[in-house]
>>> print(open('query00.pdb').read())   # PDB, C-alpha atoms
MODEL        1
ATOM      1  CA  MET I 185      99.691 111.370 130.468
ATOM      2  CA  VAL I 186      99.698 108.750 127.741
ATOM      3  CA  ALA I 187      99.243 105.037 128.497
ATOM      4  CA  ASP I 188     102.470 103.027 128.405
ATOM      5  CA  GLU I 189     101.255 100.917 125.494
ATOM      6  CA  ASP I 190     100.770 104.069 123.401
ATOM      7  CA  ILE I 191     104.245 105.554 123.906
ATOM      8  CA  ASN I 192     105.912 103.541 121.131
ATOM      9  CA  GLY I 193     103.014 104.475 118.838
ATOM     10  CA  LYS I 194     103.580 108.145 119.649
ATOM     11  CA  GLY I 195     107.260 107.661 118.765
ATOM     12  CA  TYR I 196     106.300 106.071 115.452
ATOM     13  CA  VAL I 197     103.911 108.917 114.571
ATOM     14  CA  HIS I 198     106.631 111.449 115.451
ATOM     15  CA  TRP I 199     109.164 109.695 113.191
ATOM     16  CA  LYS I 200     106.806 109.006 110.306
ATOM     17  CA  SER I 201     105.304 112.499 110.359
ATOM     18  CA  TRP I 202     108.735 114.119 110.379
ATOM     19  CA  HIS I 203     109.733 112.215 107.266
ATOM     20  CA  GLU I 204     106.381 112.793 105.552
ATOM     21  CA  THR I 205     106.374 116.510 106.353
ATOM     22  CA  TYR I 206     109.923 117.828 106.580
ATOM     23  CA  THR I 207     111.791 116.005 103.813
ATOM     24  CA  GLY I 208     112.906 118.801 101.516
ATOM     25  CA  LEU I 209     112.352 121.459 104.199
ATOM     26  CA  VAL I 210     115.023 120.338 106.669
ATOM     27  CA  ASP I 211     118.705 119.627 106.049
ATOM     28  CA  PRO I 212     119.012 115.980 104.877
ATOM     29  CA  ALA I 213     121.854 115.348 107.355
ATOM     30  CA  TYR I 214     119.548 116.337 110.209
ATOM     31  CA  MET I 215     116.745 114.195 108.793
ATOM     32  CA  GLU I 216     119.048 111.161 108.794
ATOM     33  CA  LYS I 217     119.485 111.621 112.555
ATOM     34  CA  MET I 218     115.721 111.612 113.098
ATOM     35  CA  THR I 219     115.440 107.841 113.376
ATOM     36  CA  LEU I 220     112.536 105.772 114.634
ATOM     37  CA  GLU I 221     114.636 104.708 117.610
ATOM     38  CA  LYS I 222     115.392 108.343 118.505
ATOM     39  CA  CYS I 223     111.708 109.280 118.295
ATOM     40  CA  ILE I 224     110.727 106.348 120.521
ATOM     41  CA  ARG I 225     113.365 107.437 123.091
ATOM     42  CA  ILE I 226     111.929 110.962 122.989
ATOM     43  CA  ALA I 227     108.429 109.558 123.447
ATOM     44  CA  HIS I 228     109.499 107.661 126.562
ATOM     45  CA  ARG I 229     111.125 110.786 128.037
ATOM     46  CA  TRP I 230     108.206 113.086 127.222
ATOM     47  CA  GLN I 231     104.912 111.772 128.530
ATOM     48  CA  GLN I 232     103.494 114.821 130.321
ATOM     49  CA  ASN I 233     101.024 117.249 128.717
ATOM     50  CA  LEU I 234     100.476 114.904 125.832
ATOM     51  CA  MET I 235      97.368 113.450 124.200
ATOM     52  CA  VAL I 236      97.163 110.836 121.468
ATOM     53  CA  ALA I 237      94.530 110.080 118.838
ATOM     54  CA  LYS I 238      93.878 106.449 117.989
ATOM     55  CA  ASP I 239      92.164 104.419 115.331
ATOM     56  CA  GLY I 240      91.277 101.285 117.264
ATOM     57  CA  ASN I 241      94.518 100.351 119.031
ATOM     58  CA  LYS I 242      96.757 102.250 116.593
ATOM     59  CA  VAL I 243      98.169 105.661 117.565
ATOM     60  CA  ILE I 244      97.580 107.949 114.564
ATOM     61  CA  GLY I 245      98.415 111.364 115.987
ATOM     62  CA  PHE I 246      99.428 113.329 119.054
ATOM     63  CA  VAL I 247      99.621 116.814 120.483
ATOM     64  CA  GLY I 248     101.969 118.183 123.146
ATOM     65  CA  TYR I 249     101.188 121.387 125.023
ATOM     66  CA  GLY I 250     102.122 123.402 128.105
ATOM     67  CA  GLU I 251     103.429 126.710 129.356
ATOM     68  CA  HIS I 252     105.274 128.705 126.688
ATOM     69  CA  ARG I 253     108.968 127.775 126.778
ATOM     70  CA  ASP I 254     110.127 131.389 126.515
ATOM     71  CA  ASP I 255     109.874 132.701 130.073
ATOM     72  CA  THR I 256     110.052 136.303 128.836
ATOM     73  CA  ILE I 257     106.524 135.886 127.475
ATOM     74  CA  THR I 258     103.913 135.860 130.207
ATOM     75  CA  ASP I 259     100.428 134.388 130.349
ATOM     76  CA  CYS I 260     101.062 132.259 127.264
ATOM     77  CA  GLY I 261     100.516 128.580 126.617
ATOM     78  CA  GLU I 262     102.113 126.729 123.728
ATOM     79  CA  VAL I 263     101.271 123.841 121.463
ATOM     80  CA  PHE I 264     104.744 122.278 121.263
ATOM     81  CA  SER I 265     103.917 119.712 118.621
ATOM     82  CA  ILE I 266     101.025 118.238 116.726
ATOM     83  CA  TYR I 267     101.470 115.382 114.283
ATOM     84  CA  VAL I 268      98.958 113.197 112.465
ATOM     85  CA  LEU I 269      99.814 110.393 110.042
ATOM     86  CA  THR I 270      99.230 111.465 106.426
ATOM     87  CA  ASP I 271      96.647 108.706 105.905
ATOM     88  CA  TYR I 272      94.444 110.497 108.465
ATOM     89  CA  HIS I 273      94.786 114.054 107.135
ATOM     90  CA  GLY I 274      91.450 115.634 106.248
ATOM     91  CA  GLN I 275      89.570 113.539 108.817
ATOM     92  CA  LYS I 276      89.510 116.207 111.593
ATOM     93  CA  VAL I 277      92.035 114.303 113.761
ATOM     94  CA  GLY I 278      94.364 117.301 113.948
ATOM     95  CA  TYR I 279      91.430 119.623 114.563
ATOM     96  CA  GLU I 280      90.248 117.509 117.509
ATOM     97  CA  LEU I 281      93.761 117.267 118.950
ATOM     98  CA  MET I 282      94.296 121.024 118.627
ATOM     99  CA  ASN I 283      90.960 121.799 120.276
ATOM    100  CA  ALA I 284      91.747 119.394 123.121
ATOM    101  CA  ALA I 285      95.098 121.158 123.660
ATOM    102  CA  PHE I 286      93.371 124.572 123.553
ATOM    103  CA  GLU I 287      90.984 123.364 126.241
ATOM    104  CA  LYS I 288      93.913 122.278 128.427
ATOM    105  CA  LEU I 289      95.566 125.678 127.835
ATOM    106  CA  SER I 290      92.396 127.718 128.457
ATOM    107  CA  ASN I 291      93.815 129.284 131.624
ATOM    108  CA  TYR I 292      96.335 131.261 129.517
ATOM    109  CA  GLY I 293      95.528 134.607 127.932
ATOM    110  CA  LYS I 294      97.152 133.571 124.659
ATOM    111  CA  ILE I 295      98.474 130.447 122.972
ATOM    112  CA  ALA I 296     101.479 130.199 120.661
ATOM    113  CA  VAL I 297     102.278 127.670 117.947
ATOM    114  CA  TRP I 298     105.417 127.464 115.842
ATOM    115  CA  VAL I 299     105.585 126.327 112.259
ATOM    116  CA  LEU I 300     108.574 125.730 110.023
ATOM    117  CA  LYS I 301     108.909 128.253 107.222
ATOM    118  CA  GLY I 302     107.817 126.589 103.990
ATOM    119  CA  ASN I 303     105.429 124.163 105.708
ATOM    120  CA  ASP I 304     102.451 125.646 103.874
ATOM    121  CA  LYS I 305     100.087 122.797 104.716
ATOM    122  CA  ALA I 306     100.637 123.343 108.456
ATOM    123  CA  ILE I 307     100.273 127.100 108.066
ATOM    124  CA  ARG I 308      96.886 126.600 106.375
ATOM    125  CA  PHE I 309      95.858 124.195 109.155
ATOM    126  CA  TYR I 310      96.752 126.716 111.876
ATOM    127  CA  GLU I 311      94.989 129.517 110.048
ATOM    128  CA  LYS I 312      91.736 127.554 110.141
TER     129      LYS I 312
ENDMDL
END
>>> encode(input="query00.pdb", output="structure tokens")
Amino acid sequence: MVADEDINGKGYVHWKSWHETYTGLVDPAYMEKMTLEKCIRIAHRWQQNLMVAKDGNKVIGFVGYGEHRDDTITDCGEVFSIYVLTDYHGQKVGYELMNAAFEKLSNYGKIAVWVLKGNDKAIRFYEK
């Protein structure tokens, strides 16, 4: 569970990362609905199975994980989301978050991640 003071930071990273990553990949009308306020509300509702990365007191990334959401697939964990601010790409923040989630999901026989078609940078990250 994430500390209360980090929840708004998680919401900011969610919002900022969406706009840095998905502009041009996702319908612009949908992107308009992905506001900072909406992401902060989501962050306050979703605090379980979540870890954040920080630079000092600033939240710079997060990962969410848990049991795979498709109950027809057994013995499978899932990384629901992983976002890191662009300024911190290439500094192993995402790598450390992903490995921490894998450790939490180690009791599953397999782990699934989803990536948006066309998000080549994320695909390369997951392939590593």
>>> resolve_selection(input="query00.pdb", expression="the PyMOL selection byres ((chain I and resi 237) around 12)", output="PDB file with C-alpha atoms, in the coordinates of the input")
ATOM      1  CA  VAL I 186      99.698 108.750 127.741  1.00  0.00           C
ATOM      2  CA  ALA I 187      99.243 105.037 128.497  1.00  0.00           C
ATOM      3  CA  ASP I 190     100.770 104.069 123.401  1.00  0.00           C
ATOM      4  CA  ILE I 191     104.245 105.554 123.906  1.00  0.00           C
ATOM      5  CA  GLY I 193     103.014 104.475 118.838  1.00  0.00           C
ATOM      6  CA  LYS I 194     103.580 108.145 119.649  1.00  0.00           C
ATOM      7  CA  VAL I 197     103.911 108.917 114.571  1.00  0.00           C
ATOM      8  CA  LEU I 234     100.476 114.904 125.832  1.00  0.00           C
ATOM      9  CA  MET I 235      97.368 113.450 124.200  1.00  0.00           C
ATOM     10  CA  VAL I 236      97.163 110.836 121.468  1.00  0.00           C
ATOM     11  CA  LYS I 238      93.878 106.449 117.989  1.00  0.00           C
ATOM     12  CA  ASP I 239      92.164 104.419 115.331  1.00  0.00           C
ATOM     13  CA  GLY I 240      91.277 101.285 117.264  1.00  0.00           C
ATOM     14  CA  ASN I 241      94.518 100.351 119.031  1.00  0.00           C
ATOM     15  CA  LYS I 242      96.757 102.250 116.593  1.00  0.00           C
ATOM     16  CA  VAL I 243      98.169 105.661 117.565  1.00  0.00           C
ATOM     17  CA  ILE I 244      97.580 107.949 114.564  1.00  0.00           C
ATOM     18  CA  GLY I 245      98.415 111.364 115.987  1.00  0.00           C
ATOM     19  CA  PHE I 246      99.428 113.329 119.054  1.00  0.00           C
ATOM     20  CA  VAL I 247      99.621 116.814 120.483  1.00  0.00           C
ATOM     21  CA  GLY I 248     101.969 118.183 123.146  1.00  0.00           C
ATOM     22  CA  ILE I 266     101.025 118.238 116.726  1.00  0.00           C
ATOM     23  CA  TYR I 267     101.470 115.382 114.283  1.00  0.00           C
ATOM     24  CA  VAL I 268      98.958 113.197 112.465  1.00  0.00           C
ATOM     25  CA  LEU I 269      99.814 110.393 110.042  1.00  0.00           C
ATOM     26  CA  TYR I 272      94.444 110.497 108.465  1.00  0.00           C
ATOM     27  CA  GLN I 275      89.570 113.539 108.817  1.00  0.00           C
ATOM     28  CA  LYS I 276      89.510 116.207 111.593  1.00  0.00           C
ATOM     29  CA  VAL I 277      92.035 114.303 113.761  1.00  0.00           C
ATOM     30  CA  GLY I 278      94.364 117.301 113.948  1.00  0.00           C
ATOM     31  CA  TYR I 279      91.430 119.623 114.563  1.00  0.00           C
ATOM     32  CA  GLU I 280      90.248 117.509 117.509  1.00  0.00           C
ATOM     33  CA  LEU I 281      93.761 117.267 118.950  1.00  0.00           C
ATOM     34  CA  MET I 282      94.296 121.024 118.627  1.00  0.00           C
ATOM     35  CA  ALA I 284      91.747 119.394 123.121  1.00  0.00           C
TER      36      ALA I 284
END
>>> atom_distance(input="query00.pdb", atom1="atom CA of I:Thr205", atom2="atom CA of I:Ile307")
12.3 Å
>>> closest_residue(input="query00.pdb", among="I:Thr207, I:Glu189, I:Ile226, I:Gly195", to="I:Leu300", atoms="all atoms listed in the file")
I:Thr207
>>> atom_distance(input="query00.pdb", atom1="atom CA of I:Phe264", atom2="atom CA of I:Ile295")
10.4 Å
>>> resolve_selection(input="query00.pdb", expression="the PyMOL selection byres ((chain I and resi 253) around 12)", output="PDB file with C-alpha atoms, keeping the file's coordinate frame")
ATOM      1  CA  TYR I 249     101.188 121.387 125.023  1.00  0.00           C
ATOM      2  CA  GLY I 250     102.122 123.402 128.105  1.00  0.00           C
ATOM      3  CA  GLU I 251     103.429 126.710 129.356  1.00  0.00           C
ATOM      4  CA  HIS I 252     105.274 128.705 126.688  1.00  0.00           C
ATOM      5  CA  ASP I 254     110.127 131.389 126.515  1.00  0.00           C
ATOM      6  CA  ASP I 255     109.874 132.701 130.073  1.00  0.00           C
ATOM      7  CA  THR I 256     110.052 136.303 128.836  1.00  0.00           C
ATOM      8  CA  ILE I 257     106.524 135.886 127.475  1.00  0.00           C
ATOM      9  CA  THR I 258     103.913 135.860 130.207  1.00  0.00           C
ATOM     10  CA  ASP I 259     100.428 134.388 130.349  1.00  0.00           C
ATOM     11  CA  CYS I 260     101.062 132.259 127.264  1.00  0.00           C
ATOM     12  CA  GLY I 261     100.516 128.580 126.617  1.00  0.00           C
ATOM     13  CA  GLU I 262     102.113 126.729 123.728  1.00  0.00           C
ATOM     14  CA  VAL I 263     101.271 123.841 121.463  1.00  0.00           C
ATOM     15  CA  PHE I 264     104.744 122.278 121.263  1.00  0.00           C
ATOM     16  CA  ILE I 295      98.474 130.447 122.972  1.00  0.00           C
ATOM     17  CA  ALA I 296     101.479 130.199 120.661  1.00  0.00           C
ATOM     18  CA  VAL I 297     102.278 127.670 117.947  1.00  0.00           C
ATOM     19  CA  TRP I 298     105.417 127.464 115.842  1.00  0.00           C
TER      20      TRP I 298
END
>>> axis_aligned_box(input="query00.pdb", around="stretch 256-259 of chain I", padding_each_side="3 Å", output="lines of an AutoDock Vina configuration file")
center_x = 105.2
center_y = 135.3
center_z = 128.9
size_x = 15.6
size_y = 7.9
size_z = 8.9
>>> atom_distance(input="query00.pdb", atom1="atom CA of I:Leu209", atom2="atom CA of I:Phe309")
17.4 Å
>>> decode(input="query00.pdb", residues="chain I", atoms="C-alpha atoms", output="PDB file, in the first residue's frame")
ATOM      1  CA  MET I 185       0.000   0.000   0.000  1.00  0.00           C
ATOM      2  CA  VAL I 186       1.235   3.469  -0.860  1.00  0.00           C
ATOM      3  CA  ALA I 187       1.610   6.199   1.780  1.00  0.00           C
ATOM      4  CA  ASP I 188      -1.181   8.783   1.749  1.00  0.00           C
ATOM      5  CA  GLU I 189       1.214  11.587   0.853  1.00  0.00           C
ATOM      6  CA  ASP I 190       2.263   9.698  -2.291  1.00  0.00           C
ATOM      7  CA  ILE I 191      -1.226   9.079  -3.700  1.00  0.00           C
ATOM      8  CA  ASN I 192      -1.537  12.470  -5.414  1.00  0.00           C
ATOM      9  CA  GLY I 193       1.956  11.961  -6.852  1.00  0.00           C
ATOM     10  CA  LYS I 194       0.870   8.594  -8.243  1.00  0.00           C
ATOM     11  CA  GLY I 195      -2.130  10.337  -9.828  1.00  0.00           C
ATOM     12  CA  TYR I 196       0.152  12.940 -11.391  1.00  0.00           C
ATOM     13  CA  VAL I 197       2.497  10.288 -12.823  1.00  0.00           C
ATOM     14  CA  HIS I 198      -0.516   8.413 -14.235  1.00  0.00           C
ATOM     15  CA  TRP I 199      -1.841  11.571 -15.930  1.00  0.00           C
ATOM     16  CA  LYS I 200       1.498  12.855 -17.181  1.00  0.00           C
ATOM     17  CA  SER I 201       2.619   9.455 -18.463  1.00  0.00           C
ATOM     18  CA  TRP I 202      -0.649   8.927 -20.318  1.00  0.00           C
ATOM     19  CA  HIS I 203      -0.221  12.206 -22.155  1.00  0.00           C
ATOM     20  CA  GLU I 204       3.486  11.627 -22.809  1.00  0.00           C
ATOM     21  CA  THR I 205       2.928   8.079 -24.057  1.00  0.00           C
ATOM     22  CA  TYR I 206      -0.508   7.747 -25.627  1.00  0.00           C
ATOM     23  CA  THR I 207      -1.020  11.023 -27.492  1.00  0.00           C
ATOM     24  CA  GLY I 208      -1.337   9.936 -31.105  1.00  0.00           C
ATOM     25  CA  LEU I 209      -2.055   6.315 -30.134  1.00  0.00           C
ATOM     26  CA  VAL I 210      -5.396   6.849 -28.387  1.00  0.00           C
ATOM     27  CA  ASP I 211      -8.486   8.669 -29.645  1.00  0.00           C
ATOM     28  CA  PRO I 212      -8.064  12.399 -28.822  1.00  0.00           C
ATOM     29  CA  ALA I 213     -11.598  12.553 -27.371  1.00  0.00           C
ATOM     30  CA  TYR I 214     -10.661   9.843 -24.876  1.00  0.00           C
ATOM     31  CA  MET I 215      -7.389  11.603 -24.071  1.00  0.00           C
ATOM     32  CA  GLU I 216      -9.299  14.788 -23.223  1.00  0.00           C
ATOM     33  CA  LYS I 217     -11.200  12.821 -20.565  1.00  0.00           C
ATOM     34  CA  MET I 218      -7.955  11.631 -18.978  1.00  0.00           C
ATOM     35  CA  THR I 219      -7.550  14.670 -16.746  1.00  0.00           C
ATOM     36  CA  LEU I 220      -5.234  15.144 -13.794  1.00  0.00           C
ATOM     37  CA  GLU I 221      -8.252  15.258 -11.497  1.00  0.00           C
ATOM     38  CA  LYS I 222      -9.541  11.932 -12.860  1.00  0.00           C
ATOM     39  CA  CYS I 223      -6.141  10.288 -12.386  1.00  0.00           C
ATOM     40  CA  ILE I 224      -5.910  11.558  -8.802  1.00  0.00           C
ATOM     41  CA  ARG I 225      -9.409  10.142  -8.092  1.00  0.00           C
ATOM     42  CA  ILE I 226      -8.290   6.801  -9.534  1.00  0.00           C
ATOM     43  CA  ALA I 227      -5.160   6.912  -7.384  1.00  0.00           C
ATOM     44  CA  HIS I 228      -7.229   7.416  -4.237  1.00  0.00           C
ATOM     45  CA  ARG I 229      -9.510   4.489  -5.138  1.00  0.00           C
ATOM     46  CA  TRP I 230      -6.667   2.141  -6.078  1.00  0.00           C
ATOM     47  CA  GLN I 231      -4.065   1.847  -3.353  1.00  0.00           C
ATOM     48  CA  GLN I 232      -3.669  -1.930  -3.035  1.00  0.00           C
ATOM     49  CA  ASN I 233      -0.939  -3.920  -4.812  1.00  0.00           C
ATOM     50  CA  LEU I 234       0.849  -0.756  -5.771  1.00  0.00           C
ATOM     51  CA  MET I 235       4.438   0.433  -5.396  1.00  0.00           C
ATOM     52  CA  VAL I 236       5.870   3.845  -6.199  1.00  0.00           C
ATOM     53  CA  ALA I 237       9.366   5.003  -7.128  1.00  0.00           C
ATOM     54  CA  LYS I 238      10.542   8.331  -5.762  1.00  0.00           C
ATOM     55  CA  ASP I 239      13.290  10.827  -6.343  1.00  0.00           C
ATOM     56  CA  GLY I 240      13.563  12.424  -2.919  1.00  0.00           C
ATOM     57  CA  ASN I 241       9.961  13.256  -2.008  1.00  0.00           C
ATOM     58  CA  LYS I 242       8.728  13.287  -5.619  1.00  0.00           C
ATOM     59  CA  VAL I 243       6.821  10.284  -7.007  1.00  0.00           C
ATOM     60  CA  ILE I 244       8.378   9.516 -10.408  1.00  0.00           C
ATOM     61  CA  GLY I 245       6.825   6.163 -11.259  1.00  0.00           C
ATOM     62  CA  PHE I 246       4.564   3.361 -10.102  1.00  0.00           C
ATOM     63  CA  VAL I 247       3.593  -0.218 -10.788  1.00  0.00           C
ATOM     64  CA  GLY I 248       0.305  -1.988 -10.059  1.00  0.00           C
ATOM     65  CA  TYR I 249       0.072  -5.773  -9.944  1.00  0.00           C
ATOM     66  CA  GLY I 250      -2.126  -8.644  -8.777  1.00  0.00           C
ATOM     67  CA  GLU I 251      -4.038 -11.709  -9.854  1.00  0.00           C
ATOM     68  CA  HIS I 252      -4.826 -11.758 -13.580  1.00  0.00           C
ATOM     69  CA  ARG I 253      -8.190 -10.064 -14.157  1.00  0.00           C
ATOM     70  CA  ASP I 254      -9.396 -12.751 -16.565  1.00  0.00           C
ATOM     71  CA  ASP I 255     -10.642 -15.534 -14.295  1.00  0.00           C
ATOM     72  CA  THR I 256     -10.567 -18.023 -17.180  1.00  0.00           C
ATOM     73  CA  ILE I 257      -6.768 -17.951 -16.989  1.00  0.00           C
ATOM     74  CA  THR I 258      -5.435 -19.814 -13.983  1.00  0.00           C
ATOM     75  CA  ASP I 259      -2.191 -19.499 -12.057  1.00  0.00           C
ATOM     76  CA  CYS I 260      -1.425 -16.132 -13.646  1.00  0.00           C
ATOM     77  CA  GLY I 261      -0.421 -12.825 -12.124  1.00  0.00           C
ATOM     78  CA  GLU I 262      -0.634  -9.541 -13.991  1.00  0.00           C
ATOM     79  CA  VAL I 263       1.218  -6.263 -14.085  1.00  0.00           C
ATOM     80  CA  PHE I 264      -1.787  -3.953 -14.506  1.00  0.00           C
ATOM     81  CA  SER I 265       0.178  -0.780 -15.072  1.00  0.00           C
ATOM     82  CA  ILE I 266       3.674   0.599 -14.965  1.00  0.00           C
ATOM     83  CA  TYR I 267       4.412   4.255 -15.609  1.00  0.00           C
ATOM     84  CA  VAL I 268       7.576   6.304 -15.193  1.00  0.00           C
ATOM     85  CA  LEU I 269       7.926  10.011 -15.973  1.00  0.00           C
ATOM     86  CA  THR I 270       9.802  10.562 -19.252  1.00  0.00           C
ATOM     87  CA  ASP I 271      12.563  12.506 -17.478  1.00  0.00           C
ATOM     88  CA  TYR I 272      13.466   9.265 -15.660  1.00  0.00           C
ATOM     89  CA  HIS I 273      13.429   6.897 -18.648  1.00  0.00           C
ATOM     90  CA  GLY I 274      16.731   5.093 -19.152  1.00  0.00           C
ATOM     91  CA  GLN I 275      17.597   5.263 -15.444  1.00  0.00           C
ATOM     92  CA  LYS I 276      16.387   1.718 -14.553  1.00  0.00           C
ATOM     93  CA  VAL I 277      13.352   3.021 -12.607  1.00  0.00           C
ATOM     94  CA  GLY I 278      10.937   0.956 -14.694  1.00  0.00           C
ATOM     95  CA  TYR I 279      13.233  -2.054 -14.489  1.00  0.00           C
ATOM     96  CA  GLU I 280      13.312  -1.859 -10.682  1.00  0.00           C
ATOM     97  CA  LEU I 281       9.541  -1.406 -10.469  1.00  0.00           C
ATOM     98  CA  MET I 282       8.921  -4.347 -12.807  1.00  0.00           C
ATOM     99  CA  ASN I 283      11.287  -6.596 -10.860  1.00  0.00           C
ATOM    100  CA  ALA I 284       9.618  -5.608  -7.584  1.00  0.00           C
ATOM    101  CA  ALA I 285       6.211  -6.512  -9.070  1.00  0.00           C
ATOM    102  CA  PHE I 286       7.607  -9.830 -10.371  1.00  0.00           C
ATOM    103  CA  GLU I 287       8.831 -10.601  -6.866  1.00  0.00           C
ATOM    104  CA  LYS I 288       5.362  -9.905  -5.445  1.00  0.00           C
ATOM    105  CA  LEU I 289       3.845 -12.138  -8.158  1.00  0.00           C
ATOM    106  CA  SER I 290       6.375 -14.969  -7.733  1.00  0.00           C
ATOM    107  CA  ASN I 291       3.729 -17.370  -6.415  1.00  0.00           C
ATOM    108  CA  TYR I 292       2.104 -17.482  -9.886  1.00  0.00           C
ATOM    109  CA  GLY I 293       3.237 -19.847 -12.622  1.00  0.00           C
ATOM    110  CA  LYS I 294       3.093 -17.083 -15.221  1.00  0.00           C
ATOM    111  CA  ILE I 295       2.750 -13.313 -15.388  1.00  0.00           C
ATOM    112  CA  ALA I 296       0.909 -11.304 -18.035  1.00  0.00           C
ATOM    113  CA  VAL I 297       1.407  -7.719 -19.173  1.00  0.00           C
ATOM    114  CA  TRP I 298      -0.639  -5.804 -21.717  1.00  0.00           C
ATOM    115  CA  VAL I 299       0.682  -3.183 -24.071  1.00  0.00           C
ATOM    116  CA  LEU I 300      -1.149  -0.911 -26.475  1.00  0.00           C
ATOM    117  CA  LYS I 301      -0.535  -1.737 -30.118  1.00  0.00           C
ATOM    118  CA  GLY I 302       1.842   0.860 -31.536  1.00  0.00           C
ATOM    119  CA  ASN I 303       3.529   1.566 -28.191  1.00  0.00           C
ATOM    120  CA  ASP I 304       6.878   0.360 -29.516  1.00  0.00           C
ATOM    121  CA  LYS I 305       8.914   1.826 -26.666  1.00  0.00           C
ATOM    122  CA  ALA I 306       6.912  -0.176 -24.103  1.00  0.00           C
ATOM    123  CA  ILE I 307       7.144  -3.316 -26.222  1.00  0.00           C
ATOM    124  CA  ARG I 308      10.947  -2.989 -26.297  1.00  0.00           C
ATOM    125  CA  PHE I 309      10.970  -2.431 -22.521  1.00  0.00           C
ATOM    126  CA  TYR I 310       8.915  -5.584 -21.889  1.00  0.00           C
ATOM    127  CA  GLU I 311      11.057  -7.615 -24.251  1.00  0.00           C
ATOM    128  CA  LYS I 312      14.141  -6.798 -22.185  1.00  0.00           C
TER     129      LYS I 312
END
